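What's in protein-v7.cif: mmCIF, C-alpha atoms, pLDDT in the B column; chains and numbers go by the auth columns
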```
data_my_file
loop_
_atom_site.group_PDB
_atom_site.id
_atom_site.type_symbol
_atom_site.label_atom_id
_atom_site.label_comp_id
_atom_site.label_asym_id
_atom_site.label_seq_id
_atom_site.Cartn_x
_atom_site.Cartn_y
_atom_site.Cartn_z
_atom_site.B_iso_or_equiv
_atom_site.auth_seq_id
_atom_site.auth_asym_id
ATOM 1 C CA MET A 1 16.345 10.167 -21.131 95.00 1053 A
ATOM 2 C CA ARG A 2 19.899 11.441 -20.906 97.00 1054 A
ATOM 3 C CA ILE A 3 20.820 14.599 -19.010 98.00 1055 A
ATOM 4 C CA ALA A 4 24.099 16.510 -19.030 98.00 1056 A
ATOM 5 C CA LEU A 5 25.254 18.481 -15.979 98.00 1057 A
ATOM 6 C CA ALA A 6 28.003 21.029 -15.436 98.00 1058 A
ATOM 7 C CA LEU A 7 29.738 20.938 -12.065 98.00 1059 A
ATOM 8 C CA GLU A 8 31.940 23.152 -9.941 97.00 1060 A
ATOM 9 C CA TYR A 9 33.833 21.685 -6.990 97.00 1061 A
ATOM 10 C CA ASP A 10 36.609 22.323 -4.494 96.00 1062 A
ATOM 11 C CA GLY A 11 38.969 19.419 -5.038 95.00 1063 A
ATOM 12 C CA HIS A 12 40.807 20.031 -1.787 93.00 1064 A
ATOM 13 C CA LEU A 13 37.844 18.550 0.083 92.00 1065 A
ATOM 14 C CA PHE A 14 37.632 15.339 -1.973 96.00 1066 A
ATOM 15 C CA CYS A 15 39.977 12.444 -2.739 95.00 1067 A
ATOM 16 C CA GLY A 16 39.556 13.014 -6.468 94.00 1068 A
ATOM 17 C CA TRP A 17 36.750 12.562 -8.972 96.00 1069 A
ATOM 18 C CA GLN A 18 36.479 8.779 -9.105 93.00 1070 A
ATOM 19 C CA THR A 19 34.216 6.857 -6.732 92.00 1071 A
ATOM 20 C CA GLN A 20 35.977 5.268 -3.749 93.00 1072 A
ATOM 21 C CA PRO A 21 34.903 2.585 -1.248 93.00 1073 A
ATOM 22 C CA ASP A 22 34.892 5.083 1.619 94.00 1074 A
ATOM 23 C CA GLY A 23 32.753 7.573 -0.344 91.00 1075 A
ATOM 24 C CA CYS A 24 35.338 10.364 -0.519 95.00 1076 A
ATOM 25 C CA GLY A 25 35.171 10.928 -4.293 96.00 1077 A
ATOM 26 C CA VAL A 26 33.226 13.677 -6.034 97.00 1078 A
ATOM 27 C CA GLN A 27 31.473 10.949 -8.010 97.00 1079 A
ATOM 28 C CA ASN A 28 30.303 9.303 -4.761 97.00 1080 A
ATOM 29 C CA ARG A 29 28.615 12.458 -3.513 97.00 1081 A
ATOM 30 C CA LEU A 30 27.075 13.374 -6.859 98.00 1082 A
ATOM 31 C CA GLU A 31 25.668 9.901 -7.553 97.00 1083 A
ATOM 32 C CA GLY A 32 24.207 9.771 -4.050 96.00 1084 A
ATOM 33 C CA ALA A 33 22.399 13.084 -4.514 96.00 1085 A
ATOM 34 C CA LEU A 34 21.248 12.132 -8.006 96.00 1086 A
ATOM 35 C CA SER A 35 19.911 8.765 -6.884 96.00 1087 A
ATOM 36 C CA GLU A 36 17.881 10.416 -4.139 94.00 1088 A
ATOM 37 C CA MET A 37 16.480 12.949 -6.599 94.00 1089 A
ATOM 38 C CA ALA A 38 15.684 10.353 -9.291 94.00 1090 A
ATOM 39 C CA GLY A 39 14.277 7.714 -6.946 94.00 1091 A
ATOM 40 C CA HIS A 40 16.591 5.035 -8.360 95.00 1092 A
ATOM 41 C CA GLU A 41 20.296 4.298 -8.461 95.00 1093 A
ATOM 42 C CA VAL A 42 22.104 6.599 -10.884 96.00 1094 A
ATOM 43 C CA GLY A 43 25.608 6.342 -12.329 96.00 1095 A
ATOM 44 C CA VAL A 44 27.396 9.237 -14.027 98.00 1096 A
ATOM 45 C CA VAL A 45 30.073 9.521 -16.701 97.00 1097 A
ATOM 46 C CA ALA A 46 32.466 12.482 -16.545 97.00 1098 A
ATOM 47 C CA ALA A 47 34.399 14.288 -19.261 97.00 1099 A
ATOM 48 C CA GLY A 48 37.572 13.468 -17.352 93.00 1100 A
ATOM 49 C CA ARG A 49 38.854 12.377 -13.976 91.00 1101 A
ATOM 50 C CA THR A 50 40.491 14.900 -11.679 94.00 1102 A
ATOM 51 C CA ASP A 51 43.015 13.903 -9.012 92.00 1103 A
ATOM 52 C CA ALA A 52 42.790 14.605 -5.296 92.00 1104 A
ATOM 53 C CA GLY A 53 43.238 18.324 -4.672 93.00 1105 A
ATOM 54 C CA VAL A 54 42.349 19.341 -8.244 96.00 1106 A
ATOM 55 C CA HIS A 55 39.442 21.772 -8.586 97.00 1107 A
ATOM 56 C CA ALA A 56 36.850 22.124 -11.333 97.00 1108 A
ATOM 57 C CA LEU A 57 35.114 25.260 -12.541 96.00 1109 A
ATOM 58 C CA CYS A 58 33.276 23.356 -15.269 97.00 1110 A
ATOM 59 C CA GLN A 59 33.325 19.575 -15.222 98.00 1111 A
ATOM 60 C CA VAL A 60 30.718 17.996 -17.515 98.00 1112 A
ATOM 61 C CA VAL A 61 28.928 14.700 -16.798 98.00 1113 A
ATOM 62 C CA HIS A 62 25.929 12.798 -18.110 98.00 1114 A
ATOM 63 C CA PHE A 63 23.476 10.301 -16.621 98.00 1115 A
ATOM 64 C CA ASP A 64 20.409 8.358 -17.731 97.00 1116 A
ATOM 65 C CA THR A 65 17.041 8.315 -15.993 96.00 1117 A
ATOM 66 C CA GLU A 66 13.349 7.676 -16.645 95.00 1118 A
ATOM 67 C CA THR A 67 12.366 10.158 -13.938 95.00 1119 A
ATOM 68 C CA ILE A 68 10.808 13.326 -15.363 94.00 1120 A
ATOM 69 C CA ARG A 69 11.721 16.615 -13.690 93.00 1121 A
ATOM 70 C CA PRO A 70 12.049 20.200 -14.952 95.00 1122 A
ATOM 71 C CA LEU A 71 15.706 20.939 -15.687 95.00 1123 A
ATOM 72 C CA SER A 72 15.729 23.672 -13.054 95.00 1124 A
ATOM 73 C CA ALA A 73 14.460 21.141 -10.498 94.00 1125 A
ATOM 74 C CA TRP A 74 17.384 18.832 -11.247 95.00 1126 A
ATOM 75 C CA VAL A 75 19.763 21.670 -10.414 97.00 1127 A
ATOM 76 C CA ARG A 76 18.012 22.750 -7.211 96.00 1128 A
ATOM 77 C CA GLY A 77 17.178 19.242 -6.067 94.00 1129 A
ATOM 78 C CA ILE A 78 20.654 17.835 -6.547 96.00 1130 A
ATOM 79 C CA ASN A 79 22.318 20.849 -4.928 97.00 1131 A
ATOM 80 C CA ALA A 80 20.056 20.514 -1.901 96.00 1132 A
ATOM 81 C CA ASN A 81 21.674 17.136 -1.236 95.00 1133 A
ATOM 82 C CA LEU A 82 25.270 18.117 -1.923 97.00 1134 A
ATOM 83 C CA PRO A 83 27.939 19.684 0.296 96.00 1135 A
ATOM 84 C CA MET A 84 28.706 23.360 -0.313 96.00 1136 A
ATOM 85 C CA SER A 85 32.006 22.334 -1.922 96.00 1137 A
ATOM 86 C CA LEU A 86 30.176 20.704 -4.870 98.00 1138 A
ATOM 87 C CA ARG A 87 27.572 22.420 -7.027 98.00 1139 A
ATOM 88 C CA VAL A 88 25.585 21.701 -10.186 98.00 1140 A
ATOM 89 C CA LEU A 89 25.724 24.771 -12.445 97.00 1141 A
ATOM 90 C CA TRP A 90 23.158 23.701 -15.052 97.00 1142 A
ATOM 91 C CA ALA A 91 21.248 20.694 -16.377 97.00 1143 A
ATOM 92 C CA GLN A 92 20.483 20.084 -20.053 97.00 1144 A
ATOM 93 C CA GLY A 93 18.596 17.318 -21.824 97.00 1145 A
ATOM 94 C CA VAL A 94 20.678 15.649 -24.545 97.00 1146 A
ATOM 95 C CA SER A 95 20.247 12.825 -27.031 97.00 1147 A
ATOM 96 C CA ASP A 96 21.362 9.302 -26.208 97.00 1148 A
ATOM 97 C CA GLU A 97 24.295 9.761 -28.598 98.00 1149 A
ATOM 98 C CA PHE A 98 25.868 12.398 -26.368 98.00 1150 A
ATOM 99 C CA HIS A 99 28.730 11.149 -24.184 98.00 1151 A
ATOM 100 C CA ALA A 100 30.397 13.485 -21.689 98.00 1152 A
ATOM 101 C CA ARG A 101 33.815 11.940 -22.317 97.00 1153 A
ATOM 102 C CA PHE A 102 33.814 10.660 -25.892 97.00 1154 A
ATOM 103 C CA SER A 103 31.906 13.612 -27.367 98.00 1155 A
ATOM 104 C CA ALA A 104 34.369 16.094 -25.853 97.00 1156 A
ATOM 105 C CA ARG A 105 36.746 17.723 -28.306 97.00 1157 A
ATOM 106 C CA ARG A 106 38.721 19.974 -25.961 97.00 1158 A
ATOM 107 C CA ARG A 107 39.737 20.233 -22.313 97.00 1159 A
ATOM 108 C CA ASP A 108 40.895 23.480 -20.688 97.00 1160 A
ATOM 109 C CA TYR A 109 42.996 23.832 -17.548 97.00 1161 A
ATOM 110 C CA GLN A 110 44.396 26.702 -15.532 96.00 1162 A
ATOM 111 C CA PHE A 111 47.143 26.369 -12.955 97.00 1163 A
ATOM 112 C CA ILE A 112 47.647 29.125 -10.360 97.00 1164 A
ATOM 113 C CA LEU A 113 51.119 29.485 -8.827 97.00 1165 A
ATOM 114 C CA TYR A 114 51.743 32.014 -6.058 96.00 1166 A
ATOM 115 C CA ASN A 115 55.298 33.305 -6.442 96.00 1167 A
ATOM 116 C CA GLY A 116 56.662 34.993 -3.336 95.00 1168 A
ATOM 117 C CA PRO A 117 59.015 34.440 -0.383 96.00 1169 A
ATOM 118 C CA VAL A 118 56.134 33.459 1.936 96.00 1170 A
ATOM 119 C CA GLY A 119 53.385 31.059 0.980 93.00 1171 A
ATOM 120 C CA PRO A 120 49.764 32.287 0.880 92.00 1172 A
ATOM 121 C CA ALA A 121 47.355 31.590 3.729 93.00 1173 A
ATOM 122 C CA VAL A 122 43.908 32.284 2.275 89.00 1174 A
ATOM 123 C CA MET A 123 44.894 30.749 -1.066 89.00 1175 A
ATOM 124 C CA ALA A 124 46.785 27.833 0.495 89.00 1176 A
ATOM 125 C CA SER A 125 44.661 25.134 -1.142 88.00 1177 A
ATOM 126 C CA LYS A 126 43.605 27.243 -4.133 92.00 1178 A
ATOM 127 C CA SER A 127 47.095 27.866 -5.511 95.00 1179 A
ATOM 128 C CA SER A 128 50.517 26.278 -5.442 96.00 1180 A
ATOM 129 C CA TRP A 129 53.541 28.179 -4.170 96.00 1181 A
ATOM 130 C CA PHE A 130 57.146 28.671 -5.220 97.00 1182 A
ATOM 131 C CA HIS A 131 59.469 30.849 -3.150 96.00 1183 A
ATOM 132 C CA LEU A 132 62.257 31.814 -5.613 96.00 1184 A
ATOM 133 C CA PRO A 133 61.803 34.521 -8.283 96.00 1185 A
ATOM 134 C CA LEU A 134 60.705 33.098 -11.640 98.00 1186 A
ATOM 135 C CA ASP A 135 61.300 34.477 -15.132 98.00 1187 A
ATOM 136 C CA VAL A 136 57.784 34.431 -16.553 98.00 1188 A
ATOM 137 C CA ASN A 137 58.858 35.514 -20.041 98.00 1189 A
ATOM 138 C CA LYS A 138 61.168 32.513 -20.362 98.00 1190 A
ATOM 139 C CA MET A 139 58.464 30.231 -18.981 98.00 1191 A
ATOM 140 C CA ASP A 140 55.990 31.508 -21.559 98.00 1192 A
ATOM 141 C CA GLU A 141 58.566 31.019 -24.330 98.00 1193 A
ATOM 142 C CA ALA A 142 59.179 27.471 -23.128 98.00 1194 A
ATOM 143 C CA ALA A 143 55.457 26.685 -22.909 98.00 1195 A
ATOM 144 C CA ARG A 144 55.041 27.271 -26.658 98.00 1196 A
ATOM 145 C CA TYR A 145 57.070 24.101 -27.328 98.00 1197 A
ATOM 146 C CA PHE A 146 54.135 22.139 -25.896 98.00 1198 A
ATOM 147 C CA GLU A 147 51.724 23.418 -28.543 98.00 1199 A
ATOM 148 C CA GLY A 148 50.861 21.077 -31.398 98.00 1200 A
ATOM 149 C CA GLU A 149 50.776 17.295 -31.579 98.00 1201 A
ATOM 150 C CA HIS A 150 53.480 15.558 -29.535 98.00 1202 A
ATOM 151 C CA ASP A 151 54.371 12.345 -27.782 98.00 1203 A
ATOM 152 C CA PHE A 152 54.112 13.440 -24.128 98.00 1204 A
ATOM 153 C CA SER A 153 55.785 10.346 -22.643 97.00 1205 A
ATOM 154 C CA ALA A 154 58.163 12.612 -20.694 97.00 1206 A
ATOM 155 C CA PHE A 155 55.182 14.251 -19.008 97.00 1207 A
ATOM 156 C CA ARG A 156 52.914 11.327 -18.139 95.00 1208 A
ATOM 157 C CA ALA A 157 52.608 9.547 -14.802 92.00 1209 A
ATOM 158 C CA SER A 158 54.134 6.073 -14.537 86.00 1210 A
ATOM 159 C CA GLU A 159 50.672 4.702 -13.694 88.00 1211 A
ATOM 160 C CA CYS A 160 49.002 6.418 -16.672 89.00 1212 A
ATOM 161 C CA GLN A 161 46.721 3.934 -18.437 86.00 1213 A
ATOM 162 C CA ALA A 162 46.221 5.843 -21.699 91.00 1214 A
ATOM 163 C CA LYS A 163 46.778 3.667 -24.768 92.00 1215 A
ATOM 164 C CA SER A 164 48.742 6.397 -26.553 95.00 1216 A
ATOM 165 C CA PRO A 165 50.991 9.176 -25.173 96.00 1217 A
ATOM 166 C CA VAL A 166 50.239 11.382 -28.193 97.00 1218 A
ATOM 167 C CA ARG A 167 48.165 14.463 -27.461 98.00 1219 A
ATOM 168 C CA THR A 168 47.480 17.778 -29.211 98.00 1220 A
ATOM 169 C CA LEU A 169 47.756 21.045 -27.310 98.00 1221 A
ATOM 170 C CA TYR A 170 45.980 24.036 -28.825 98.00 1222 A
ATOM 171 C CA GLN A 171 47.237 26.516 -26.232 97.00 1223 A
ATOM 172 C CA ALA A 172 50.084 26.603 -23.715 98.00 1224 A
ATOM 173 C CA GLU A 173 50.898 29.976 -22.189 97.00 1225 A
ATOM 174 C CA VAL A 174 52.196 31.501 -18.963 97.00 1226 A
ATOM 175 C CA LYS A 175 51.148 34.939 -17.727 95.00 1227 A
ATOM 176 C CA LYS A 176 51.867 36.979 -14.597 94.00 1228 A
ATOM 177 C CA HIS A 177 48.971 38.481 -12.649 91.00 1229 A
ATOM 178 C CA GLY A 178 50.144 40.356 -9.578 90.00 1230 A
ATOM 179 C CA ASP A 179 51.864 37.891 -7.238 92.00 1231 A
ATOM 180 C CA CYS A 180 50.487 34.936 -9.167 94.00 1232 A
ATOM 181 C CA ILE A 181 51.635 33.152 -12.296 96.00 1233 A
ATOM 182 C CA VAL A 182 48.813 31.662 -14.350 96.00 1234 A
ATOM 183 C CA PHE A 183 49.387 28.726 -16.715 97.00 1235 A
ATOM 184 C CA ASN A 184 46.742 28.182 -19.416 96.00 1236 A
ATOM 185 C CA PHE A 185 46.559 24.844 -21.223 98.00 1237 A
ATOM 186 C CA SER A 186 44.010 23.647 -23.773 97.00 1238 A
ATOM 187 C CA GLY A 187 44.152 20.362 -25.654 97.00 1239 A
ATOM 188 C CA ASN A 188 42.148 17.542 -27.119 96.00 1240 A
ATOM 189 C CA ALA A 189 42.909 15.452 -24.008 95.00 1241 A
ATOM 190 C CA PHE A 190 45.535 15.134 -21.283 97.00 1242 A
ATOM 191 C CA LEU A 191 47.516 12.255 -19.828 96.00 1243 A
ATOM 192 C CA HIS A 192 47.588 11.431 -16.123 94.00 1244 A
ATOM 193 C CA HIS A 193 49.569 14.191 -14.335 95.00 1245 A
ATOM 194 C CA GLN A 194 50.477 15.791 -17.677 97.00 1246 A
ATOM 195 C CA VAL A 195 49.564 19.343 -16.655 97.00 1247 A
ATOM 196 C CA ARG A 196 51.338 19.089 -13.293 97.00 1248 A
ATOM 197 C CA ASN A 197 54.435 17.637 -14.985 97.00 1249 A
ATOM 198 C CA MET A 198 54.473 20.405 -17.601 98.00 1250 A
ATOM 199 C CA VAL A 199 54.181 23.024 -14.852 98.00 1251 A
ATOM 200 C CA GLY A 200 57.077 21.402 -12.987 97.00 1252 A
ATOM 201 C CA ALA A 201 59.291 21.615 -16.084 98.00 1253 A
ATOM 202 C CA LEU A 202 58.310 25.234 -16.730 98.00 1254 A
ATOM 203 C CA VAL A 203 59.183 26.171 -13.146 98.00 1255 A
ATOM 204 C CA TYR A 204 62.650 24.716 -13.750 98.00 1256 A
ATOM 205 C CA VAL A 205 62.939 27.032 -16.747 98.00 1257 A
ATOM 206 C CA GLY A 206 61.708 29.977 -14.689 98.00 1258 A
ATOM 207 C CA LYS A 207 64.268 29.472 -11.927 97.00 1259 A
ATOM 208 C CA GLY A 208 67.114 29.138 -14.420 97.00 1260 A
ATOM 209 C CA SER A 209 67.809 25.392 -14.322 97.00 1261 A
ATOM 210 C CA PHE A 210 66.794 24.966 -17.988 95.00 1262 A
ATOM 211 C CA GLU A 211 66.749 27.167 -21.057 97.00 1263 A
ATOM 212 C CA PRO A 212 63.329 27.378 -22.761 98.00 1264 A
ATOM 213 C CA ASP A 213 64.342 25.073 -25.636 97.00 1265 A
ATOM 214 C CA HIS A 214 65.054 22.263 -23.157 97.00 1266 A
ATOM 215 C CA ILE A 215 61.309 21.568 -23.246 98.00 1267 A
ATOM 216 C CA TYR A 216 61.779 20.510 -26.880 97.00 1268 A
ATOM 217 C CA THR A 217 64.615 18.205 -25.781 97.00 1269 A
ATOM 218 C CA LEU A 218 62.431 16.577 -23.119 98.00 1270 A
ATOM 219 C CA LEU A 219 59.651 16.014 -25.631 97.00 1271 A
ATOM 220 C CA GLN A 220 62.088 14.354 -28.018 97.00 1272 A
ATOM 221 C CA GLN A 221 63.651 12.156 -25.325 96.00 1273 A
ATOM 222 C CA ARG A 222 60.232 10.789 -24.293 96.00 1274 A
ATOM 223 C CA ASP A 223 61.709 9.735 -20.943 95.00 1275 A
ATOM 224 C CA ARG A 224 59.809 10.635 -17.766 95.00 1276 A
ATOM 225 C CA THR A 225 62.903 10.025 -15.601 94.00 1277 A
ATOM 226 C CA LYS A 226 64.698 12.953 -17.281 95.00 1278 A
ATOM 227 C CA SER A 227 61.926 15.448 -16.542 95.00 1279 A
ATOM 228 C CA PRO A 228 61.477 17.446 -13.310 95.00 1280 A
ATOM 229 C CA PRO A 229 59.240 16.182 -10.486 94.00 1281 A
ATOM 230 C CA THR A 230 55.447 16.367 -10.607 95.00 1282 A
ATOM 231 C CA PHE A 231 54.175 19.658 -9.201 95.00 1283 A
ATOM 232 C CA SER A 232 51.595 19.948 -6.421 93.00 1284 A
ATOM 233 C CA PRO A 233 47.896 19.561 -7.387 93.00 1285 A
ATOM 234 C CA ASP A 234 47.021 22.703 -5.425 93.00 1286 A
ATOM 235 C CA GLY A 235 46.187 25.422 -7.915 94.00 1287 A
ATOM 236 C CA LEU A 236 45.077 23.145 -10.769 97.00 1288 A
ATOM 237 C CA TYR A 237 41.599 23.805 -12.191 97.00 1289 A
ATOM 238 C CA LEU A 238 39.607 22.063 -14.897 97.00 1290 A
ATOM 239 C CA THR A 239 38.062 25.168 -16.425 97.00 1291 A
ATOM 240 C CA GLY A 240 36.128 23.770 -19.346 96.00 1292 A
ATOM 241 C CA VAL A 241 35.242 21.001 -21.749 97.00 1293 A
ATOM 242 C CA GLY A 242 34.639 21.756 -25.420 97.00 1294 A
ATOM 243 C CA TYR A 243 31.844 20.142 -27.446 98.00 1295 A
ATOM 244 C CA GLU A 244 30.562 20.613 -30.965 97.00 1296 A
ATOM 245 C CA ALA A 245 27.818 23.211 -31.353 96.00 1297 A
ATOM 246 C CA HIS A 246 25.165 20.731 -32.469 96.00 1298 A
ATOM 247 C CA TRP A 247 24.881 19.396 -28.893 97.00 1299 A
ATOM 248 C CA ASP A 248 23.416 22.801 -27.990 95.00 1300 A
ATOM 249 C CA LEU A 249 24.861 22.880 -24.470 97.00 1301 A
ATOM 250 C CA PRO A 250 25.042 25.944 -22.234 95.00 1302 A
ATOM 251 C CA SER A 251 28.497 27.444 -21.763 93.00 1303 A
ATOM 252 C CA THR A 252 31.019 24.748 -20.825 95.00 1304 A
ATOM 253 C CA ARG A 253 34.042 26.998 -20.222 92.00 1305 A
ATOM 254 C CA ARG A 254 34.733 29.187 -17.196 91.00 1306 A
ATOM 255 C CA TYR A 255 37.818 31.017 -15.996 82.00 1307 A
ATOM 256 C CA ILE A 256 39.238 32.376 -12.779 77.00 1308 A
ATOM 257 C CA GLN A 257 38.120 35.920 -13.439 66.00 1309 A
ATOM 258 C CA PHE A 258 40.098 37.484 -10.594 51.00 1310 A
ATOM 259 C CA PHE A 259 43.310 36.505 -12.331 45.00 1311 A
ATOM 260 C CA THR A 260 42.407 36.585 -15.996 43.00 1312 A
ATOM 261 C CA SER A 261 40.969 40.101 -15.765 41.00 1313 A
ATOM 262 C CA SER A 262 44.299 41.524 -14.537 42.00 1314 A
ATOM 263 C CA THR A 263 46.434 43.558 -16.931 41.00 1315 A
ATOM 264 C CA ASN A 264 49.749 43.042 -15.117 40.00 1316 A
#
```
If you took the structure in this file and wrote it as structure tokens, what would it be?
Amino acid sequence: MRIALALEYDGHLFCGWQTQPDGCGVQNRLEGALSEMAGHEVGVVAAGRTDAGVHALCQVVHFDTETIRPLSAWVRGINANLPMSLRVLWAQGVSDEFHARFSARRRDYQFILYNGPVGPAVMASKSSWFHLPLDVNKMDEAARYFEGEHDFSAFRASECQAKSPVRTLYQAEVKKHGDCIVFNFSGNAFLHHQVRNMVGALVYVGKGSFEPDHIYTLLQQRDRTKSPPTFSPDGLYLTGVGYEAHWDLPSTRRYIQFFTSSTN
């Protein structure tokens, strides 16, 4: 049988999603706990890989097993063998046609940037930091140029292995919440470092180095060397993965409520 899981994890305490020889990946810890629970070696497939330092509020994975357990037992049993920084939120039986990655139709990310003269202490690994004042209205105006279908070659990592740089963004917005600036991105898929590279370009707009329409110019140039540097992974969250309703999954989208509930 095939089972889908939703995960939450603190990326600061892992070297990224993907399994590593020294066992530091989220995948390493999850597969170890799953294998112990199932009584056989288990491999998982994720909706997407997250880099070192990137958090997840709702990562979705699937695995196959012949071991029969109540769905609630999969959640409790796996969590009992995981560190506190990694948690299974729910387990759901799915058909063999379901694929955590290829069945996904949407990915959602939030990026939290603390904007103040002194960097945060408590939020040091949960947000990025920029010390100069930023014009959030101009950043939000600039972000709208990302929406739609584009060639994102100017915003992909040099080591990106995607076959095509073309992606579709359904939402790209920037909002201020107290001392924090929150970037919301939703798209069909994202290239390696795409979100962090888009944030870096928007910060350049916010500090006055670019006008908002320069984002359009960068998209048209399709040249990574002409875009600003990649921003820190601190503050980046995978907040959801969208699937068609017929898969009948529990909620697969979550948000940072402390920030998104603000009216500032």
Point to revise | Nearest-residue call for Gly1292 of chain A, choices A:Gly1075, A:Gly1239, A:Gly1252, A:Pro1185, using all atoms listed in the file | key: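 Selected residue with least distance to Gly1292 of chain A: A:Gly1239.
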Review point. Can you find the residues with an atom no farther than 12 Å from (45.9, 26.1, -0.1), counting all atoms listed in the file, and report them as a PyMOL selection string?
Key: chain A and resi 1062-1065+1105-1107+1164-1166+1171-1181+1284-1288
Practice item. Grab the atom CA of Arg1081 of chain A to atom CA of Val1097 of chain A distance for me, in Å with one decimal place. Key: 13.6 Å
Exercise for review: May I have the residues within 6 Å of Val1226 of chain A as a list in words, using all atoms listed in the file and disregarding those fewer than 3 positions away in the same chain?
Suggested key: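 Here the qualifying residues turn out to be Asp1192, Val1234 and Phe1235 of chain A.
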**Study point:** Residue nearest Phe1262 of chain A - candidates A:Leu1086, A:Cys1076, A:Met1250, A:Ala1194, atoms counted: all atoms listed in the file
**Key:**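 Distance minimum relative to Phe1262 of chain A lands on A:Ala1194.
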Check your understanding: Which residues match the PyMOL selection byres ((chain A and resi 1120) around 12) in the file above, as an MDAnalysis selection string?
Key -> chainID A and resid 1053:1055 1089:1091 1116:1119 1121:1126 1145
Would you write out those residues with C-alpha atoms, as a PDB file, in the coordinates of the input?
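Saved the output as result.pdb:
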```
ATOM      1  CA  MET A1053      16.345  10.167 -21.131  1.00 95.00           C
ATOM      2  CA  ARG A1054      19.899  11.441 -20.906  1.00 97.00           C
ATOM      3  CA  ILE A1055      20.820  14.599 -19.010  1.00 98.00           C
ATOM      4  CA  MET A1089      16.480  12.949  -6.599  1.00 94.00           C
ATOM      5  CA  ALA A1090      15.684  10.353  -9.291  1.00 94.00           C
ATOM      6  CA  GLY A1091      14.277   7.714  -6.946  1.00 94.00           C
ATOM      7  CA  ASP A1116      20.409   8.358 -17.731  1.00 97.00           C
ATOM      8  CA  THR A1117      17.041   8.315 -15.993  1.00 96.00           C
ATOM      9  CA  GLU A1118      13.349   7.676 -16.645  1.00 95.00           C
ATOM     10  CA  THR A1119      12.366  10.158 -13.938  1.00 95.00           C
ATOM     11  CA  ARG A1121      11.721  16.615 -13.690  1.00 93.00           C
ATOM     12  CA  PRO A1122      12.049  20.200 -14.952  1.00 95.00           C
ATOM     13  CA  LEU A1123      15.706  20.939 -15.687  1.00 95.00           C
ATOM     14  CA  SER A1124      15.729  23.672 -13.054  1.00 95.00           C
ATOM     15  CA  ALA A1125      14.460  21.141 -10.498  1.00 94.00           C
ATOM     16  CA  TRP A1126      17.384  18.832 -11.247  1.00 95.00           C
ATOM     17  CA  GLY A1145      18.596  17.318 -21.824  1.00 97.00           C
TER      18      GLY A1145
END
```
Exercise for review: Apply the PyMOL selection byres ((chain A and resi 1244-1249) around 7) to the displayed file and report the matching residues as a list in words.
Suggested key: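 Checking the PyMOL selection byres ((chain A and resi 1244-1249) around 7) against this file, the residues are Phe1207, Arg1208, Ala1209, Cys1212, Phe1242, Leu1243, Met1250, Val1251, Gly1252, Ala1253, Pro1281, Thr1282, Phe1283, Ser1284 and Pro1285 of chain A.
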Practice item. Figure out the distance between atom CA of Tyr1295 of chain A and atom CA of Ala1224 of chain A, please, to one decimal in Å. Key: 19.7 Å
